[in-house]
Every structure is written in C-alpha cells, then in structure tokens.
>>> print(open('work_13.cif').read())   # mmCIF, C-alpha atoms
data_my_file
loop_
_atom_site.label_atom_id
_atom_site.label_comp_id
_atom_site.auth_asym_id
_atom_site.auth_seq_id
_atom_site.Cartn_x
_atom_site.Cartn_y
_atom_site.Cartn_z
CA MET A 929 5.19 -0.13 -18.86
CA LEU A 930 2.49 2.54 -18.49
CA PRO A 931 0.49 1.67 -21.66
CA ARG A 932 0.48 -1.96 -20.54
CA TRP A 933 -0.55 -0.92 -17.05
CA SER A 934 -3.40 1.15 -18.47
CA ARG A 935 -4.63 -1.76 -20.57
CA VAL A 936 -4.58 -4.16 -17.63
CA LEU A 937 -6.44 -1.80 -15.32
CA SER A 938 -9.01 -0.86 -17.97
CA ARG A 939 -9.64 -4.53 -18.66
CA ILE A 940 -10.03 -5.28 -14.95
CA SER A 941 -12.50 -2.41 -14.68
CA ARG A 942 -14.47 -3.63 -17.72
CA VAL A 943 -14.57 -7.21 -16.50
CA GLY A 944 -15.67 -6.06 -13.04
CA SER A 945 -18.38 -3.83 -14.49
CA TYR A 946 -19.60 -6.59 -16.80
CA GLN A 947 -19.91 -9.07 -13.96
CA ARG A 948 -21.72 -6.61 -11.73
CA ASN A 949 -24.14 -5.69 -14.53
CA THR A 950 -24.77 -9.37 -15.27
CA GLU A 951 -25.57 -9.97 -11.62
CA LEU A 952 -28.05 -7.09 -11.66
CA LEU A 953 -29.79 -8.51 -14.74
CA ARG A 954 -30.23 -11.83 -13.00
CA ARG A 955 -32.19 -10.26 -10.19
CA ASP A 956 -35.98 -10.24 -10.22
CA LEU A 957 -37.00 -7.12 -12.11
CA SER A 958 -40.34 -7.11 -10.34
CA VAL A 959 -38.78 -5.42 -7.33
CA PHE A 960 -38.42 -2.13 -9.18
CA PRO A 961 -42.14 -1.17 -9.08
CA LEU A 962 -42.00 -1.52 -5.29
CA ARG A 963 -39.63 1.42 -4.93
CA ASN A 964 -41.16 4.33 -3.06
CA TYR A 965 -39.43 7.62 -3.64
CA ALA A 966 -40.93 8.96 -0.42
CA THR A 967 -38.60 6.66 1.51
CA VAL A 968 -35.50 8.09 -0.08
CA ALA A 969 -33.39 10.02 2.42
CA PRO A 970 -33.71 13.78 1.98
CA ALA A 971 -30.81 15.66 0.46
CA VAL A 972 -28.40 17.07 3.01
CA GLU A 973 -27.30 20.64 2.65
CA PRO A 974 -23.52 20.80 2.13
CA ASP A 975 -21.54 22.16 5.03
CA VAL A 976 -19.84 25.22 3.61
CA ASN A 977 -17.46 25.29 6.55
CA SER A 978 -16.26 21.68 6.21
CA ASP A 979 -13.48 22.47 3.74
CA ALA A 980 -12.53 25.58 5.67
CA ASN A 981 -11.84 23.46 8.74
CA LYS A 982 -9.36 21.25 6.90
CA PRO A 983 -5.69 22.17 7.41
CA VAL A 984 -3.98 23.67 4.39
CA VAL A 985 -1.29 21.32 3.09
CA ASN A 986 1.82 23.08 1.84
CA LEU A 987 3.53 20.49 -0.34
CA ASN A 988 6.67 22.59 -0.66
CA LYS A 989 7.30 22.20 3.07
CA MET A 990 6.62 18.48 3.37
CA PHE A 991 9.18 15.72 4.01
CA TRP A 992 12.29 17.84 4.52
CA SER A 993 12.97 16.85 8.13
CA LYS A 994 15.95 14.71 9.09
CA PRO A 995 15.30 10.95 8.73
CA CYS A 996 14.91 8.99 11.95
CA SER A 997 14.19 5.43 13.06
CA LEU A 998 10.63 4.20 12.53
CA ALA A 999 10.89 1.58 15.30
CA LEU A 1000 8.01 1.49 17.77
CA ALA A 1001 8.73 2.15 21.42
CA ILE A 1002 8.71 -0.83 23.79
CA ASP A 1003 5.54 0.45 25.44
CA SER A 1004 3.77 1.36 22.19
CA PRO A 1005 0.22 -0.02 21.94
CA ASN A 1006 0.89 -0.67 18.25
CA ARG A 1007 3.59 -3.27 18.89
CA ILE A 1008 3.00 -6.84 17.74
CA ASP A 1009 5.10 -9.14 19.92
CA ASP A 1010 5.14 -12.93 20.14
CA PRO A 1011 3.48 -14.21 23.31
CA GLN A 1012 6.06 -15.47 25.78
CA TYR A 1013 4.53 -18.56 27.34
CA THR A 1014 6.24 -20.70 29.95
CA GLY A 1015 5.83 -24.16 31.35
CA VAL A 1016 3.41 -26.62 29.79
CA LYS A 1017 1.95 -24.06 27.34
CA ARG A 1018 5.36 -23.35 25.86
CA VAL A 1019 6.13 -27.07 25.54
CA ILE A 1020 2.83 -27.68 23.74
CA LEU A 1021 3.38 -24.71 21.40
CA LYS A 1022 6.88 -25.98 20.62
CA LEU A 1023 5.44 -29.36 19.74
CA MET A 1024 2.95 -27.59 17.48
CA LEU A 1025 5.89 -25.77 15.82
CA PHE A 1026 4.61 -22.35 16.94
CA TYR A 1027 8.18 -21.27 17.59
CA SER A 1028 9.62 -22.77 14.42
CA LYS A 1029 11.42 -20.52 11.95
CA GLN A 1030 8.67 -20.93 9.35
CA SER A 1031 5.91 -20.08 11.81
CA GLN A 1032 7.86 -17.08 13.06
CA PHE A 1033 8.44 -15.81 9.52
CA ILE A 1034 4.72 -16.11 8.76
CA ARG A 1035 3.87 -14.01 11.83
CA TRP A 1036 6.56 -11.46 11.01
CA SER A 1037 5.51 -11.15 7.38
CA ASN A 1038 1.90 -10.59 8.43
CA ALA A 1039 3.03 -7.87 10.86
CA ILE A 1040 5.13 -6.11 8.20
CA TYR A 1041 2.33 -6.29 5.66
CA HIS A 1042 -0.07 -4.85 8.22
CA ARG A 1043 2.21 -1.78 8.41
CA VAL A 1044 2.03 -1.43 4.63
CA THR A 1045 -1.75 -1.71 4.37
CA TYR A 1046 -2.24 0.57 7.38
CA GLN A 1047 -0.41 3.29 5.47
CA ILE A 1048 -2.03 2.87 2.06
CA ASP A 1049 -5.63 2.11 3.04
CA ARG A 1050 -6.23 5.26 5.07
CA PRO A 1051 -7.40 8.53 3.49
CA ALA A 1052 -4.36 10.52 4.67
CA ILE A 1053 -1.98 9.39 1.93
CA TYR A 1054 -4.50 10.20 -0.82
CA GLU A 1055 -5.27 13.60 0.65
CA ALA A 1056 -1.60 14.47 1.17
CA PHE A 1057 -0.70 13.80 -2.47
CA SER A 1058 -4.01 14.83 -4.07
CA LEU A 1059 -4.76 11.33 -5.35
CA GLU A 1060 -8.12 9.82 -6.15
CA LYS A 1061 -8.60 6.51 -4.36
CA THR A 1062 -9.01 4.00 -7.17
CA PHE A 1063 -7.80 0.44 -7.66
CA LYS A 1064 -4.92 1.76 -9.73
CA THR A 1065 -3.65 4.26 -7.19
CA THR A 1066 -4.09 1.86 -4.27
CA PHE A 1067 -2.23 -0.87 -6.14
CA SER A 1068 0.54 1.56 -7.12
CA LEU A 1069 0.98 2.73 -3.52
CA LEU A 1070 0.88 -0.85 -2.31
CA VAL A 1071 3.71 -1.80 -4.67
CA LEU A 1072 5.68 1.30 -3.70
CA HIS A 1073 5.55 0.51 0.04
CA MET A 1074 6.21 -3.17 -0.57
CA TRP A 1075 9.34 -2.14 -2.44
CA LEU A 1076 10.45 -0.02 0.52
CA CYS A 1077 10.07 -2.99 2.87
CA LEU A 1078 11.70 -5.53 0.56
CA ARG A 1079 14.57 -3.14 -0.07
CA ARG A 1080 15.16 -2.77 3.67
CA LEU A 1081 14.89 -6.52 4.31
CA LYS A 1082 17.64 -7.14 1.75
CA GLU A 1083 19.98 -5.13 3.96
CA GLU A 1084 19.72 -7.93 6.55
CA GLY A 1085 21.22 -10.48 4.19
CA LYS A 1086 19.94 -14.03 3.74
CA GLU A 1087 17.49 -13.87 6.65
CA GLY A 1088 15.94 -10.67 5.33
CA VAL A 1089 15.67 -12.01 1.78
CA GLU A 1090 13.98 -15.18 3.04
CA LEU A 1091 11.51 -13.15 5.09
CA GLY A 1092 10.91 -11.03 2.00
CA GLN A 1093 9.65 -14.14 0.20
CA TYR A 1094 7.08 -14.72 2.94
CA LEU A 1095 6.12 -11.05 2.77
CA TYR A 1096 5.58 -11.30 -0.98
CA GLU A 1097 3.33 -14.34 -0.52
CA THR A 1098 1.28 -12.43 2.04
CA TYR A 1099 0.99 -9.49 -0.36
CA ASN A 1100 0.03 -11.76 -3.26
CA HIS A 1101 -2.78 -13.38 -1.28
CA ASP A 1102 -4.14 -9.99 -0.21
CA LEU A 1103 -3.91 -8.64 -3.76
CA GLU A 1104 -5.95 -11.56 -5.07
CA LEU A 1105 -8.66 -10.71 -2.54
CA ARG A 1106 -8.53 -7.04 -3.57
CA VAL A 1107 -8.87 -7.92 -7.27
CA SER A 1108 -11.84 -10.18 -6.51
CA LYS A 1109 -13.41 -7.46 -4.39
CA ALA A 1110 -13.02 -5.08 -7.35
CA GLY A 1111 -15.37 -7.39 -9.26
CA VAL A 1112 -12.95 -9.57 -11.21
CA ASN A 1113 -13.75 -13.25 -10.78
CA LEU A 1114 -13.37 -14.48 -14.35
CA LEU A 1115 -9.83 -15.10 -15.60
CA LEU A 1116 -8.48 -14.10 -12.19
CA THR A 1117 -5.25 -16.03 -12.71
CA LYS A 1118 -4.58 -14.12 -15.93
CA TRP A 1119 -4.99 -10.73 -14.27
CA MET A 1120 -2.85 -11.76 -11.33
CA LYS A 1121 -0.03 -12.70 -13.69
CA GLU A 1122 -0.28 -9.32 -15.40
CA LEU A 1123 -0.18 -7.53 -12.05
CA GLU A 1124 2.82 -9.63 -11.05
CA LYS A 1125 4.71 -8.43 -14.12
CA ILE A 1126 3.81 -4.84 -13.28
CA PHE A 1127 4.96 -5.37 -9.70
CA TYR A 1128 8.42 -6.56 -10.73
CA GLY A 1129 8.70 -3.90 -13.42
CA ASN A 1130 7.97 -1.19 -10.86
CA ILE A 1131 10.45 -2.69 -8.38
CA VAL A 1132 13.23 -2.57 -10.95
CA ALA A 1133 12.35 1.01 -11.89
CA TYR A 1134 12.38 2.19 -8.27
CA ASP A 1135 15.70 0.47 -7.60
CA ALA A 1136 17.25 2.27 -10.55
CA ALA A 1137 15.77 5.67 -9.70
CA ILE A 1138 16.11 5.91 -5.90
CA GLY A 1139 19.51 7.62 -6.09
CA LYS A 1140 18.31 10.62 -8.11
CA GLN A 1141 15.41 12.86 -7.14
CA GLU A 1142 14.47 13.77 -10.72
CA ASP A 1143 14.58 10.17 -11.95
CA LEU A 1144 12.47 9.07 -8.99
CA GLN A 1145 9.93 11.80 -9.75
CA THR A 1146 9.60 10.54 -13.33
CA VAL A 1147 9.09 6.94 -12.21
CA ILE A 1148 6.54 7.94 -9.56
CA TRP A 1149 4.65 10.03 -12.10
CA ARG A 1150 4.44 7.12 -14.52
CA ASN A 1151 3.55 4.46 -11.96
CA VAL A 1152 1.27 6.36 -9.59
CA PHE A 1153 -0.08 9.59 -11.07
CA SER A 1154 -0.21 9.39 -14.87
CA ASP A 1155 -3.26 8.07 -16.68
CA ASP A 1156 -2.53 9.23 -20.22
CA GLY A 1157 0.94 7.82 -20.88
CA THR A 1158 2.84 11.11 -20.64
CA SER A 1159 6.44 10.73 -19.50
CA LYS A 1160 6.75 13.92 -17.45
CA PRO A 1161 4.51 15.35 -14.70
CA THR A 1162 2.04 18.01 -15.72
CA GLU A 1163 2.43 21.44 -14.15
CA SER A 1164 -0.55 20.87 -11.84
CA ALA A 1165 0.81 17.51 -10.65
CA LEU A 1166 4.44 18.54 -10.25
CA LEU A 1167 4.22 19.55 -6.57
CA PRO A 1168 2.51 16.31 -5.41
CA VAL A 1169 4.99 14.22 -7.44
CA GLN A 1170 7.96 16.08 -5.98
CA ALA A 1171 6.53 15.71 -2.47
CA MET A 1172 5.99 11.97 -2.94
CA ALA A 1173 9.56 11.55 -4.23
CA ARG A 1174 10.85 13.27 -1.07
CA TYR A 1175 8.55 11.13 1.05
CA ILE A 1176 9.83 7.91 -0.52
CA ARG A 1177 13.49 8.86 -0.18
CA ARG A 1178 12.92 9.91 3.41
CA GLU A 1179 11.07 6.71 4.29
CA ALA A 1180 13.86 4.65 2.69
CA SER A 1181 16.41 6.47 4.87
CA CYS A 1182 14.22 6.08 7.96
CA LEU A 1183 13.89 2.35 7.37
CA SER A 1184 17.67 2.05 7.03
CA LEU A 1185 17.99 3.72 10.44
CA THR A 1186 15.47 1.30 11.96
CA ASP A 1187 17.11 -1.56 13.84
CA LYS A 1188 17.02 -5.17 12.67
CA GLU A 1189 14.73 -6.45 15.44
CA ALA A 1190 12.06 -3.84 14.65
CA ILE A 1191 12.28 -4.45 10.91
CA LEU A 1192 12.10 -8.24 11.01
CA SER A 1193 9.32 -8.38 13.61
CA GLY A 1194 7.26 -5.64 11.94
CA ASN A 1195 7.48 -3.36 14.96
CA PHE A 1196 7.81 -0.16 13.00
CA MET A 1197 5.38 2.26 11.38
CA PHE A 1198 5.70 4.49 8.37
CA THR A 1199 5.67 8.22 9.01
CA PRO A 1200 2.07 9.27 9.86
CA LEU A 1201 0.87 11.50 7.04
CA GLU A 1202 -1.70 13.12 9.29
CA GLU A 1203 1.22 14.90 10.98
CA THR A 1204 2.31 16.87 7.94
CA ASP A 1205 2.62 20.02 10.05
CA SER A 1206 5.10 18.51 12.48
CA GLU A 1207 7.54 15.66 11.91
CA THR A 1208 7.42 15.58 8.12
CA THR A 1209 7.84 19.30 7.49
CA ARG A 1210 10.97 21.34 7.10
CA LYS A 1211 12.53 22.22 10.48
#
>>> encode(input="work_13.cif", output="structure tokens")
Amino acid sequence: MLPRWSRVLSRISRVGSYQRNTELLRRDLSVFPLRNYATVAPAVEPDVNSDANKPVVNLNKMFWSKPCSLALAIDSPNRIDDPQYTGVKRVILKLMLFYSKQSQFIRWSNAIYHRVTYQIDRPAIYEAFSLEKTFKTTFSLLVLHMWLCLRRLKEEGKEGVELGQYLYETYNHDLELRVSKAGVNLLLTKWMKELEKIFYGNIVAYDAAIGKQEDLQTVIWRNVFSDDGTSKPTESALLPVQAMARYIRREASCLSLTDKEAILSGNFMFTPLEETDSETTRK
C-alpha cells in the first residue's frame, strides 16, 4: 500500500508542478524587467522569544484520560440544528422536500464532515504530532477521521450506514476540490480513482488494527508518517506515532459514548488538540 501511495502522491505533485510551471511560461515575460527590488518588503528579524512562548508538548502524557461523550451541549454555539419553522413557512418547506429524509441526510452529512475538516485543517493536529502539513498528511488525516465517523455510524445500523454513504459523497466532492487546488487538473478522474483505492485500503487496515495498540501504531506509521516505505516507526517518530494511536483509540471510544442524536446530526466535536494540557492528558 505505501509504495503505491508514494507513487500516486509523487505523480500528483509532479502533475501539479508541471501545470503551474506551464501557466507561468504562458505569462508575458516582459513584466520581469519592471520588478523593482526597492519595493520588496524588508526582512523581519526573527523573534527569538516566539518559540519560547509555545507550550512544551509532552507526548508521553497525552491522550490517557478516560473517554467521554463528544456531544455538544444544547446551548453550545457550535451546534448545527435544523430550523424549526411553523405555519405557512413549514408547509412550504415540506412541499419543497426540505424535511424529507434525503434532504435531512444531506444536511447531516455536511455537518459531520464539517467536524472532520475542522479537526484536520487547523494547525493544532500537525503541531501535536510533529507533522508537516502537506497534501499527503492532510489526506491521510482526513481518511483517518472519516474512518472514525463511518465506524461510529455503522453502530446505528441501517440508518447509520445509509448516512455514511451521504458522508462519503460529501467527502469525495471535497477531496476533488482539494486535488484540483493542489494543481492537478489533467487526468483528475484517474487520480481520484487511485485515491479512492487508498481510502478503502486504509479503512480496512484501521478496522483490522484498532483492537491492538502495536498493530495500530504500525498502520498509522505507514499511512500517515512514513515517506520511505519502512514498516516500523523510526526512533525519532515513535513518540508521535504512539500518541496518535492513543488519540485514535480514545476518539473511537468517545464516539461510541456519544449518543445517536448527536452523531447523526453532527452535533459533536473531536477532542480539541489545543487542550493537550487538560482533557487529553493523563489524570
């Protein structure tokens, strides 16, 4: 899986770079003599105290706390609830199928996917696990959190599985936009098919490894951290890999403790990684 993953990502990078370079060549080269180096912003002296102000992350103490529900409180400003109209407005919306099962599933899947992207698009997750924010790592984290949500939805039976299909369609549309934004516009369908195979391969691997910490560490290393095809974490990467394995197992347990209404409607949030000194640390 990893060699194939590396080939796909390297090809995407090459295609993106080629297209960007081609676009640059098409521009009028006469603009270059007009550059005035006097207008370039002056270099800013680095703030030697900036790193000192950052909290020290102790990976050995992260994600040991007891799992708890991730459901949002009723009065949480982060909740996404359906508007409850009455009278003529409700009748009109019913006629427009706003309250149909399909429409509701579309809204719910968008809400769930928003929770996923909120977690993986912010700097906190990359800083916590010492990851460089690249297309590969973002995609890997996206798949990992999608798996967590799909796994939890399956626990709700047929309704959860059906909602999971809508969630996957939402993810697939967003991924296509992300691939295009990365610079890949030629042969987009081909790359999307390759990423789809990687997605399902990762899902199967996580399902098989979730029960054992060491197995999960190996899978996480291969899918998220490794760039050279090695099967075991390097000594320098061992602590972040172990911490991420604990994080994933804890989030899976937290999602299982989250009630059905919160899960289906998307009214939950993954554990905030900015709070590594409180909720997610050993108590």
>>> residues_around(input="work_13.cif", residues="Leu1185 in chain A", least_positions_apart="4", cutoff="12 Å", atoms="all atoms listed in the file", output="ChimeraX atom specification")
/A:994-999,1080,1083,1178-1181,1189-1191,1196
>>> resolve_selection(input="work_13.cif", expression="the PyMOL selection byres ((chain A and resi 1042-1044) around 9)", output="ChimeraX atom specification")
/A:1037-1041,1045-1049,1070,1073-1074,1077,1194-1198
>>> write_last_selection(input="work_13.cif", atoms="C-alpha atoms", output="PDB file, keeping the file's coordinate frame")
ATOM      1  CA  SER A1037       5.510 -11.150   7.380  1.00  0.00           C
ATOM      2  CA  ASN A1038       1.900 -10.590   8.430  1.00  0.00           C
ATOM      3  CA  ALA A1039       3.030  -7.870  10.860  1.00  0.00           C
ATOM      4  CA  ILE A1040       5.130  -6.110   8.200  1.00  0.00           C
ATOM      5  CA  TYR A1041       2.330  -6.290   5.660  1.00  0.00           C
ATOM      6  CA  THR A1045      -1.750  -1.710   4.370  1.00  0.00           C
ATOM      7  CA  TYR A1046      -2.240   0.570   7.380  1.00  0.00           C
ATOM      8  CA  GLN A1047      -0.410   3.290   5.470  1.00  0.00           C
ATOM      9  CA  ILE A1048      -2.030   2.870   2.060  1.00  0.00           C
ATOM     10  CA  ASP A1049      -5.630   2.110   3.040  1.00  0.00           C
ATOM     11  CA  LEU A1070       0.880  -0.850  -2.310  1.00  0.00           C
ATOM     12  CA  HIS A1073       5.550   0.510   0.040  1.00  0.00           C
ATOM     13  CA  MET A1074       6.210  -3.170  -0.570  1.00  0.00           C
ATOM     14  CA  CYS A1077      10.070  -2.990   2.870  1.00  0.00           C
ATOM     15  CA  GLY A1194       7.260  -5.640  11.940  1.00  0.00           C
ATOM     16  CA  ASN A1195       7.480  -3.360  14.960  1.00  0.00           C
ATOM     17  CA  PHE A1196       7.810  -0.160  13.000  1.00  0.00           C
ATOM     18  CA  MET A1197       5.380   2.260  11.380  1.00  0.00           C
ATOM     19  CA  PHE A1198       5.700   4.490   8.370  1.00  0.00           C
TER      20      PHE A1198
END
>>> closest_residue(input="work_13.cif", among="A:Leu1091, A:Leu987, A:Leu1144, A:Ala1165", to="Leu1072 in chain A", atoms="only C-alpha atoms")
A:Leu1144
>>> closest_residue(input="work_13.cif", among="A:Tyr1175, A:Thr1186, A:Ser1068, A:Leu1081", to="Ile1126 in chain A", atoms="all atoms listed in the file")
A:Ser1068
>>> closest_residue(input="work_13.cif", among="A:Leu1183, A:Ala1136, A:Leu1076, A:Met1024", to="Leu1000 in chain A", atoms="all atoms listed in the file")
A:Leu1183
>>> atom_distance(input="work_13.cif", atom1="CA of Ala1110 in chain A", atom2="CA of Glu1122 in chain A")
15.7 Å
>>> closest_residue(input="work_13.cif", among="A:Leu1095, A:Val1019, A:Ile1148, A:Ala1171", to="Trp1036 in chain A", atoms="all atoms listed in the file")
A:Leu1095
>>> closest_residue(input="work_13.cif", among="A:Arg1174, A:Lys1029, A:Arg1035, A:Lys1188", to="Thr1098 in chain A", atoms="only C-alpha atoms")
A:Arg1035
>>> closest_atom_pairs(input="work_13.cif", of="range 1105-1154 of chain A", to="range 1161-1164 of chain A", cutoff="9 Å", atoms="all atoms listed in the file", output="Markdown table")
| residue | atom | partner | partner_atom | distance |
| --- | --- | --- | --- | --- |
| A:Gln1145 | CA | A:Pro1161 | CA | 8.2 |
| A:Thr1146 | CA | A:Pro1161 | CA | 7.1 |
| A:Trp1149 | CA | A:Pro1161 | CA | 5.9 |
| A:Arg1150 | CA | A:Pro1161 | CA | 8.2 |
| A:Phe1153 | CA | A:Pro1161 | CA | 8.2 |
| A:Ser1154 | CA | A:Pro1161 | CA | 7.6 |
>>> atom_distance(input="work_13.cif", atom1="CA of Glu1142 in chain A", atom2="CA of Lys1160 in chain A")
10.2 Å
>>> resolve_selection(input="work_13.cif", expression="the PyMOL selection byres ((chain A and resi 1067) around 10)", output="VMD selection string")
chain A and resid 1048 1061 to 1066 1068 to 1072 1103 1106 to 1107 1123 1127 1151 to 1152
>>> atom_distance(input="work_13.cif", atom1="CA of Glu1097 in chain A", atom2="CA of Asp1135 in chain A")
20.6 Å
>>> build_atoms(input="work_13.cif", residues="range 1037-1048 of chain A", atoms="all heavy atoms", output="mmCIF file, in the frame of the given file")
data_model
loop_
_atom_site.group_PDB
_atom_site.id
_atom_site.type_symbol
_atom_site.label_atom_id
_atom_site.label_comp_id
_atom_site.auth_asym_id
_atom_site.auth_seq_id
_atom_site.Cartn_x
_atom_site.Cartn_y
_atom_site.Cartn_z
ATOM 1 N N SER A 1037 5.931 -11.680 8.681
ATOM 2 C CA SER A 1037 5.510 -11.150 7.380
ATOM 3 C C SER A 1037 4.114 -10.538 7.462
ATOM 4 O O SER A 1037 3.830 -9.505 6.843
ATOM 5 C CB SER A 1037 5.538 -12.244 6.309
ATOM 6 O OG SER A 1037 4.593 -13.268 6.584
ATOM 7 N N ASN A 1038 3.236 -11.155 8.238
ATOM 8 C CA ASN A 1038 1.900 -10.590 8.430
ATOM 9 C C ASN A 1038 1.969 -9.239 9.142
ATOM 10 O O ASN A 1038 1.226 -8.310 8.808
ATOM 11 C CB ASN A 1038 1.024 -11.551 9.242
ATOM 12 C CG ASN A 1038 0.567 -12.748 8.429
ATOM 13 O OD1 ASN A 1038 0.409 -12.656 7.213
ATOM 14 N ND2 ASN A 1038 0.351 -13.867 9.093
ATOM 15 N N ALA A 1039 2.880 -9.132 10.130
ATOM 16 C CA ALA A 1039 3.030 -7.870 10.860
ATOM 17 C C ALA A 1039 3.560 -6.776 9.948
ATOM 18 O O ALA A 1039 3.067 -5.642 9.958
ATOM 19 C CB ALA A 1039 3.964 -8.075 12.053
ATOM 20 N N ILE A 1040 4.562 -7.097 9.125
ATOM 21 C CA ILE A 1040 5.130 -6.110 8.200
ATOM 22 C C ILE A 1040 4.077 -5.669 7.188
ATOM 23 O O ILE A 1040 3.921 -4.476 6.900
ATOM 24 C CB ILE A 1040 6.358 -6.678 7.471
ATOM 25 C CG1 ILE A 1040 7.481 -6.969 8.471
ATOM 26 C CG2 ILE A 1040 6.861 -5.709 6.396
ATOM 27 C CD1 ILE A 1040 8.660 -7.715 7.870
ATOM 28 N N TYR A 1041 3.342 -6.633 6.662
ATOM 29 C CA TYR A 1041 2.330 -6.290 5.660
ATOM 30 C C TYR A 1041 1.220 -5.450 6.270
ATOM 31 O O TYR A 1041 0.644 -4.586 5.595
ATOM 32 C CB TYR A 1041 1.754 -7.557 5.022
ATOM 33 C CG TYR A 1041 0.938 -7.263 3.794
ATOM 34 C CD1 TYR A 1041 1.547 -6.801 2.625
ATOM 35 C CD2 TYR A 1041 -0.444 -7.403 3.797
ATOM 36 C CE1 TYR A 1041 0.803 -6.501 1.497
ATOM 37 C CE2 TYR A 1041 -1.192 -7.106 2.671
ATOM 38 C CZ TYR A 1041 -0.562 -6.654 1.533
ATOM 39 O OH TYR A 1041 -1.293 -6.340 0.412
ATOM 40 N N HIS A 1042 0.929 -5.680 7.527
ATOM 41 C CA HIS A 1042 -0.070 -4.850 8.220
ATOM 42 C C HIS A 1042 0.381 -3.398 8.244
ATOM 43 O O HIS A 1042 -0.447 -2.487 8.109
ATOM 44 C CB HIS A 1042 -0.282 -5.372 9.632
ATOM 45 C CG HIS A 1042 -1.164 -4.505 10.472
ATOM 46 N ND1 HIS A 1042 -2.526 -4.386 10.267
ATOM 47 C CD2 HIS A 1042 -0.873 -3.668 11.515
ATOM 48 C CE1 HIS A 1042 -3.034 -3.543 11.137
ATOM 49 N NE2 HIS A 1042 -2.063 -3.082 11.905
ATOM 50 N N ARG A 1043 1.694 -3.161 8.425
ATOM 51 C CA ARG A 1043 2.210 -1.780 8.410
ATOM 52 C C ARG A 1043 2.017 -1.147 7.038
ATOM 53 O O ARG A 1043 1.718 0.043 6.923
ATOM 54 C CB ARG A 1043 3.690 -1.761 8.794
ATOM 55 C CG ARG A 1043 4.025 -2.463 10.097
ATOM 56 C CD ARG A 1043 3.193 -1.946 11.262
ATOM 57 N NE ARG A 1043 3.561 -2.637 12.505
ATOM 58 C CZ ARG A 1043 2.912 -2.503 13.644
ATOM 59 N NH1 ARG A 1043 1.857 -1.700 13.724
ATOM 60 N NH2 ARG A 1043 3.304 -3.167 14.716
ATOM 61 N N VAL A 1044 2.199 -1.938 6.000
ATOM 62 C CA VAL A 1044 2.030 -1.430 4.630
ATOM 63 C C VAL A 1044 0.578 -1.048 4.379
ATOM 64 O O VAL A 1044 0.273 0.064 3.932
ATOM 65 C CB VAL A 1044 2.500 -2.485 3.601
ATOM 66 C CG1 VAL A 1044 2.126 -2.050 2.179
ATOM 67 C CG2 VAL A 1044 4.005 -2.705 3.709
ATOM 68 N N THR A 1045 -0.340 -1.969 4.660
ATOM 69 C CA THR A 1045 -1.750 -1.710 4.370
ATOM 70 C C THR A 1045 -2.317 -0.615 5.266
ATOM 71 O O THR A 1045 -3.211 0.127 4.854
ATOM 72 C CB THR A 1045 -2.590 -2.990 4.532
ATOM 73 O OG1 THR A 1045 -2.389 -3.536 5.845
ATOM 74 C CG2 THR A 1045 -2.180 -4.023 3.487
ATOM 75 N N TYR A 1046 -1.792 -0.500 6.483
ATOM 76 C CA TYR A 1046 -2.240 0.570 7.380
ATOM 77 C C TYR A 1046 -1.928 1.932 6.771
ATOM 78 O O TYR A 1046 -2.706 2.880 6.912
ATOM 79 C CB TYR A 1046 -1.552 0.436 8.737
ATOM 80 C CG TYR A 1046 -2.003 1.452 9.768
ATOM 81 C CD1 TYR A 1046 -3.199 1.274 10.459
ATOM 82 C CD2 TYR A 1046 -1.226 2.572 10.046
ATOM 83 C CE1 TYR A 1046 -3.617 2.206 11.406
ATOM 84 C CE2 TYR A 1046 -1.647 3.505 10.993
ATOM 85 C CZ TYR A 1046 -2.830 3.321 11.663
ATOM 86 O OH TYR A 1046 -3.252 4.244 12.593
ATOM 87 N N GLN A 1047 -0.808 2.024 6.074
ATOM 88 C CA GLN A 1047 -0.410 3.290 5.470
ATOM 89 C C GLN A 1047 -1.181 3.607 4.201
ATOM 90 O O GLN A 1047 -1.547 4.763 3.959
ATOM 91 C CB GLN A 1047 1.101 3.269 5.169
ATOM 92 C CG GLN A 1047 1.677 4.602 4.705
ATOM 93 C CD GLN A 1047 1.885 5.587 5.842
ATOM 94 O OE1 GLN A 1047 1.317 5.447 6.915
ATOM 95 N NE2 GLN A 1047 2.714 6.590 5.618
ATOM 96 N N ILE A 1048 -1.445 2.596 3.387
ATOM 97 C CA ILE A 1048 -2.030 2.870 2.060
ATOM 98 C C ILE A 1048 -3.553 2.760 2.010
ATOM 99 O O ILE A 1048 -4.162 3.166 1.023
ATOM 100 C CB ILE A 1048 -1.396 1.959 0.982
ATOM 101 C CG1 ILE A 1048 -1.743 0.482 1.235
ATOM 102 C CG2 ILE A 1048 0.097 2.148 0.922
ATOM 103 C CD1 ILE A 1048 -2.770 -0.068 0.316
#
